[in-house]
Each structure stands twice: as C-alpha cells, then as structure tokens.
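Trainee: One structure follows; several queries about it will come next.
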There are 2 protein chains.
Amino acid sequence: MVKYQSQDLDAVFSALGDPTRRAILARLALGEASVGDLAAPHEMSLPAVSKHLRVLETAGLLRKEKDGRVVRCRLEAEPLRDAAAWIAEYRRFWEAQLDALAGYLEGLDEEV
Amino acid sequence: MVKYQSQDLDAVFSALGDPTRRAILARLALGEASVGDLAAPHEMSLPAVSKHLRVLETAGLLRKEKDGRVVRCRLEAEPLRDAAAWIAEYRRFWEAQLDALAGYLEGLDEEV
DNA sequence: CTAATAATAAACCAAATGGTTAAGTATCAA
DNA sequence: TTGATACTTAACCATTTGGTTTATTATTAG
C-alpha cells in the first residue's frame with residue numbers, strides 16, 4: 001500500500017499551484033529538456049525559472065541530470081499518483097452532482 | 001467539453017497545498033459541518049480557520065449557507081474534477097515507472 | 001432588554017513566494 | 001588561455017500567506 005506523507009502532498013499540490021510550473025511539467029511530458037529549453041517560452045529571467053525547477057525537484061516531480069554544461073530535466077510523475085489518489089476520494093461527490101444534473105435534465109425532458 | 005481555466009487550477013491546487021485545508025475537506029466528505037465544527041480539531045484560532053474556509057470557498061471547493069447564526073459548510077468537489085483531469089495527463093509516466101519496476105522484479109525472479 | 005454564542009472583519013506580524021539584477025562556477029570552443 | 005555558454009547562487013524587494021489578538025456583527029436564549 002502506498003501511504004502518502006502529508007508533507008509530500010503539501011509539496012506536490014503547492015508545486016502544481018503555479019501556472020509556470022504546470023507549463024514546465026506539460027513541456028516535460030513531451031520529453032527531456034534542458035533548463036534553457038524550459039526557460040525559453042517564459043517571460044522571466046533564467047534564475048526565476050531555475051527556482052521553479054527547484055520547487056518541482058523538491059516535490060519530487062523533476063529529476064535533473066548534469067551532462068556537460070547542460071542540465072537535462074526529466075519529468076518524474078510518480079508523486080502525482082498520490083495526489084491523484086487523494087483527489088479520487090472525492091470523486092463520488094462531483095459525480096453525485098453530475099447525476100443530479102442528469103436527473104434534472106431528464107425531468108425537463110418529461111415536461112416537454 | 002470541460003475546459004479548465006488556468007487560474008482556477010491555480011486556486012484549487014494551491015488550496016490543496018495546505019494540510020489544514022485538506023483535513024477540512026476530508027471532514028466535509030463525512031458530511032456538512034458548521035464553521036465551529038470544522039475549527040474544533042485544529043489547534044488554531046477560529047479566525048485562522050475562517051481564513052482557510054475562505055480560501056476553499058474562493059477555489060470553489062466549499063459552499064457556505066447561513067442558517068441562523070451558524071454557517072453550514074458543504075463540500076463542493078466538482079473543481080477537483082479538473083484537477084484530477086490535469087493530473088491524469090501524466091498517468092502514463094508513473095505507470096511506465098511501475099512497469100519498469102515490475103520488469104526489474106521479474107528479472108530478479110529469473111535469477112533465483 | 002441583556003447576555004451569550006457563532007462567526008467575520010480589522011489590524012498586525014513573521015515567514016514564505018515569486019520575481020529581479022549582479023556575481024560566480026563549470027564546461028566547451030577557438 | 002581566453003571567451004562564450006549554461007546554469008546556479010546571492011542579495012534584494014514586493015506581495016502573499018498563515019497565523020495572532022482584538023473588535024464587530026448577527027442571532028438566539030433567558
């Protein structure tokens with residue numbers, strides 16, 4: 001059983017709470033990239049991006065590998081599993097709401 | 001199609017990045033609760049909890065309903081759907097890692 | 001009406017966050 | 001060896017966050 005540590009979820013969810021970092025992860029989902037590659041699309045300084053990478057790394061979502069003077073970054077999606085598992089606990093609540101909507105729409109049908 | 005706004009995900013993921021707020025959501029999953037009920041298990045002042053509730057409310061994860069002088073709070077899980085959907089994009093990455101692990105363990109078996 | 005209860009608002013504070021620029025460290029190329 | 005390239009570190013700054021205590025505002029109970 002995978003028991004997640006509360007502080008891990010803190011780090012993962014917090015890391016995901018920033019659009020720049022989500023964009024970086026999305027880019028990494030397409031494949032490995034250097035720090036420079038990851039920084040390019042963003043209108044901010046390289047150190048700023050470097051900090052975001054550090055946050056992702058600390059959350060366990062990114063792995064760096066130094067290769068000469070370029071640092072290659074890989075997505076490490078495994079921590080997302082616990083995040084997804086946590087969220088999944090609440091699935092029935094939003095599904096219930098969808099069911100209610102379906103019921104409502106069905107009711108409308110009958111009125112036609 | 002449910003197209004999620006980046007800023008909504010910001011709010012939802014950020015809201016989930018705090019253990020007190022996740023605990024509150026977990027409590028709400030058990031059923032409606034007043035602000036006082038929600039505050040009780042936490043070693044912090046009522047205003048502090050009130051602020052957390054505000055954050056959850058802003059993220060769309062909580063709905064308040066005033067009933068006399070007590071405010072009843074309900075879980076509103078629907079925004080978690082988009083969060084889960086976002087994370088799901090990365091599922092194959094952690095599954096790949098699990099596959100690799102399985103392969104490795106299989107290899108070990110053969111060596112016995 | 002008065003007092004207690006439930007919750008929010010306001011004012012404040014320390015620490016964390018997200019950005020900047022400038023300096024420093026490896027590494028590769030000429 | 002001398003630059004240029006690819007980053008990271010350091011120092012700084014403004015804003016946000018997460019907490020506090022002290023009012024305030026509604027509402028119910030006596």
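Chain labels A, B, ... are given in the sequence in which chains occur in the structure tokens; within each chain residues are numbered consecutively from 1, and ligands are likewise numbered from 1 in the order shown.
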Using the chain letters and numbers from this document, which residues of chain B does DSSP assign to alpha helix (DSSP H), as JSON, numbers by chain?
Mentor: {"B": [6, 7, 8, 9, 10, 11, 12, 13, 14, 15, 16, 19, 20, 21, 22, 23, 24, 25, 26, 27, 28, 29, 35, 36, 37, 38, 39, 46, 47, 48, 49, 50, 51, 52, 53, 54, 55, 56, 57, 58, 78, 79, 80, 81, 82, 83, 84, 85, 86, 87, 88, 91, 92, 93, 94, 95, 96, 97, 98, 99, 100, 101, 102, 103, 104, 105, 106, 107, 108, 109, 110, 111]}
Trainee: For the contact check between chain B and chain D, emit one row per residue of chain B within 8 Å, containing the shortest atom pair and the distance in Å rounded to one decimal, counting only C-alpha atoms (C1' of nucleotides), chain then rising number order, as a Markdown table.
Mentor:
```
| residue | atom | partner | partner_atom | distance |
| --- | --- | --- | --- | --- |
| B:Ala48 | CA | D:DG19 | C1' | 6.6 |
| B:Gly68 | CA | D:DT27 | C1' | 6.1 |
| B:Arg69 | CA | D:DT27 | C1' | 5.0 |
```
Trainee: Please, could you write that set of residues out with N, CA and C atoms as a compact mmCIF listing (two decimals), in the first residue's frame?
Mentor:
```txt
# COMPACT_ATOMS: atom_id res chain seq x y z
N ALA B 48 -8.36 32.00 12.07
CA ALA B 48 -7.42 31.31 11.18
C ALA B 48 -8.17 30.29 10.33
N GLY B 68 -29.41 30.78 10.52
CA GLY B 68 -29.41 31.41 11.83
C GLY B 68 -28.06 32.03 12.08
N ARG B 69 -27.49 31.73 13.22
CA ARG B 69 -26.15 32.30 13.46
C ARG B 69 -25.06 31.29 13.18
```
Trainee: Quick one: everything within 9 Å of Leu9 in chain A, counting only C-alpha atoms (C1' of nucleotides), minus sequence neighbours fewer than 2 positions away in the same chain. Send it as a list of chain:residue names.
Mentor: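 Counting only the stated atoms, we get A:Tyr4, A:Gln5, A:Ser6, A:Gln7, A:Ala11, A:Val12, A:Phe13, A:Ser14, A:Ala59, A:Pro79, A:Leu80, A:Asp82, A:Ala83, A:Trp86, B:Leu16, B:Gly17, B:Asp18, B:Pro19.
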Trainee: What does the structure give for the distance between CA of Arg74 in chain A and CA of Leu28 in chain A, in Å to one decimal?
Mentor: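 Value for the CA of Arg74 in chain A-CA of Leu28 in chain A distance: 6.4 Å.
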Trainee: Sort by chain and increasing residue number a table of all residues of chain C within 10 Å of chain A, each with its closest pair of atoms and their distance in Å to one decimal, counting only C-alpha atoms (C1' of nucleotides), and write it as JSON lines.
Mentor:
```
{"residue": "C:DG18", "atom": "C1'", "partner": "A:Ala48", "partner_atom": "CA", "distance": 7.6}
{"residue": "C:DG19", "atom": "C1'", "partner": "A:Ala48", "partner_atom": "CA", "distance": 6.6}
{"residue": "C:DT20", "atom": "C1'", "partner": "A:Ser45", "partner_atom": "CA", "distance": 8.1}
{"residue": "C:DT21", "atom": "C1'", "partner": "A:Ser45", "partner_atom": "CA", "distance": 9.7}
{"residue": "C:DA26", "atom": "C1'", "partner": "A:Arg69", "partner_atom": "CA", "distance": 6.7}
{"residue": "C:DT27", "atom": "C1'", "partner": "A:Arg69", "partner_atom": "CA", "distance": 5.0}
{"residue": "C:DC28", "atom": "C1'", "partner": "A:Arg69", "partner_atom": "CA", "distance": 7.8}
```
Trainee: Taking the chain letters and numbering used in this document, name the residues of range 52-95 of chain A that DSSP puts in strand (DSSP E or B), as a VMD selection string.
Mentor: chain A and resid 62 to 67 70 to 75
Trainee: Can you write just those residues out, all heavy atoms, as a compact mmCIF listing (two decimals), in the first residue's frame?
Mentor:
```
# COMPACT_ATOMS: atom_id res chain seq x y z
N LEU A 62 10.54 16.35 -10.63
CA LEU A 62 11.53 16.60 -11.68
C LEU A 62 12.87 16.03 -11.25
O LEU A 62 13.23 16.11 -10.08
CB LEU A 62 11.64 18.11 -11.88
CG LEU A 62 12.60 18.62 -12.92
CD1 LEU A 62 11.92 19.73 -13.72
CD2 LEU A 62 13.85 19.18 -12.28
N ARG A 63 13.56 15.45 -12.20
CA ARG A 63 14.90 14.94 -11.93
C ARG A 63 15.87 15.62 -12.87
O ARG A 63 15.63 15.71 -14.07
CB ARG A 63 14.95 13.43 -12.14
CG ARG A 63 15.40 12.68 -10.90
CD ARG A 63 15.60 11.21 -11.17
NE ARG A 63 16.88 10.90 -11.79
CZ ARG A 63 17.12 9.78 -12.49
NH1 ARG A 63 16.16 8.90 -12.67
NH2 ARG A 63 18.31 9.57 -13.01
N LYS A 64 16.96 16.12 -12.31
CA LYS A 64 17.97 16.78 -13.13
C LYS A 64 19.14 15.83 -13.32
O LYS A 64 19.47 15.03 -12.44
CB LYS A 64 18.48 18.04 -12.43
CG LYS A 64 17.49 19.16 -12.33
CD LYS A 64 18.12 20.37 -11.64
CE LYS A 64 17.12 21.47 -11.40
NZ LYS A 64 17.67 22.52 -10.53
N GLU A 65 19.77 15.96 -14.48
CA GLU A 65 20.98 15.19 -14.74
C GLU A 65 21.94 16.11 -15.46
O GLU A 65 21.65 16.59 -16.56
CB GLU A 65 20.63 13.96 -15.58
CG GLU A 65 21.74 12.94 -15.58
CD GLU A 65 21.19 11.55 -15.93
OE1 GLU A 65 19.96 11.36 -15.90
OE2 GLU A 65 22.01 10.68 -16.24
N LYS A 66 23.08 16.31 -14.86
CA LYS A 66 24.04 17.20 -15.48
C LYS A 66 24.81 16.45 -16.55
O LYS A 66 25.32 15.36 -16.31
CB LYS A 66 25.01 17.76 -14.43
CG LYS A 66 25.87 18.88 -14.99
CD LYS A 66 26.51 19.72 -13.90
CE LYS A 66 27.30 20.85 -14.56
NZ LYS A 66 28.04 21.66 -13.58
N ASP A 67 24.90 17.08 -17.71
CA ASP A 67 25.51 16.43 -18.86
C ASP A 67 26.37 17.49 -19.53
O ASP A 67 25.90 18.26 -20.36
CB ASP A 67 24.39 15.94 -19.78
CG ASP A 67 24.93 14.98 -20.81
OD1 ASP A 67 26.11 14.61 -20.72
OD2 ASP A 67 24.17 14.62 -21.74
N VAL A 70 25.25 21.40 -19.74
CA VAL A 70 23.79 21.48 -19.84
C VAL A 70 23.16 20.52 -18.84
O VAL A 70 23.67 19.42 -18.59
CB VAL A 70 23.32 21.17 -21.29
CG1 VAL A 70 23.86 19.83 -21.74
CG2 VAL A 70 21.83 21.22 -21.39
N VAL A 71 22.09 21.00 -18.23
CA VAL A 71 21.38 20.18 -17.25
C VAL A 71 20.10 19.68 -17.89
O VAL A 71 19.23 20.46 -18.25
CB VAL A 71 21.05 21.00 -15.99
CG1 VAL A 71 20.16 20.20 -15.06
CG2 VAL A 71 22.33 21.42 -15.28
N ARG A 72 20.01 18.38 -18.06
CA ARG A 72 18.82 17.79 -18.66
C ARG A 72 17.79 17.48 -17.58
O ARG A 72 18.14 16.96 -16.52
CB ARG A 72 19.19 16.51 -19.42
CG ARG A 72 19.96 16.82 -20.72
CD ARG A 72 20.38 15.55 -21.43
NE ARG A 72 21.19 14.70 -20.58
CZ ARG A 72 20.96 13.41 -20.38
NH1 ARG A 72 19.92 12.82 -20.94
NH2 ARG A 72 21.74 12.70 -19.58
N CYS A 73 16.54 17.81 -17.86
CA CYS A 73 15.47 17.62 -16.88
C CYS A 73 14.48 16.59 -17.38
O CYS A 73 14.08 16.61 -18.55
CB CYS A 73 14.74 18.94 -16.63
SG CYS A 73 15.83 20.25 -16.05
N ARG A 74 14.07 15.73 -16.46
CA ARG A 74 13.08 14.70 -16.79
C ARG A 74 11.87 14.86 -15.87
O ARG A 74 12.01 15.21 -14.70
CB ARG A 74 13.65 13.30 -16.55
CG ARG A 74 14.61 12.80 -17.60
CD ARG A 74 15.06 11.39 -17.24
NE ARG A 74 13.92 10.47 -17.08
CZ ARG A 74 13.65 9.80 -15.96
NH1 ARG A 74 14.41 9.94 -14.89
NH2 ARG A 74 12.60 9.01 -15.88
N LEU A 75 10.72 14.57 -16.42
CA LEU A 75 9.51 14.51 -15.59
C LEU A 75 9.57 13.28 -14.70
O LEU A 75 9.96 12.20 -15.14
CB LEU A 75 8.28 14.44 -16.50
CG LEU A 75 6.93 14.23 -15.83
CD1 LEU A 75 6.61 15.39 -14.91
CD2 LEU A 75 5.84 14.07 -16.88
```
Trainee: Between CA of Arg21 in chain B and CA of Leu56 in chain A, what is the spacing in Å?
Mentor: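 Pair CA of Leu56 in chain A / CA of Arg21 in chain B returns 21.4 Å.
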Trainee: Can you work out which one of B:Ile24, B:Ala29, B:Arg54, B:Gly36 has the shortest atom-to-atom distance to chain A, counting only C-alpha atoms?
Mentor: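 With only C-alpha atoms as the atom set, the closest residue is B:Ala29.
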Trainee: How many Å separate CA of Phe93 in chain A from CA of Ala26 in chain B?
Mentor: 11.9 Å
Trainee: Counting only C-alpha atoms, which residue out of B:Ala33, B:Val55, B:Leu25, B:Leu46 sits closest to chain A?
Mentor: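 Of B:Ala33, B:Val55, B:Leu25, B:Leu46, the one nearest chain A, counting only C-alpha atoms, is B:Leu25.
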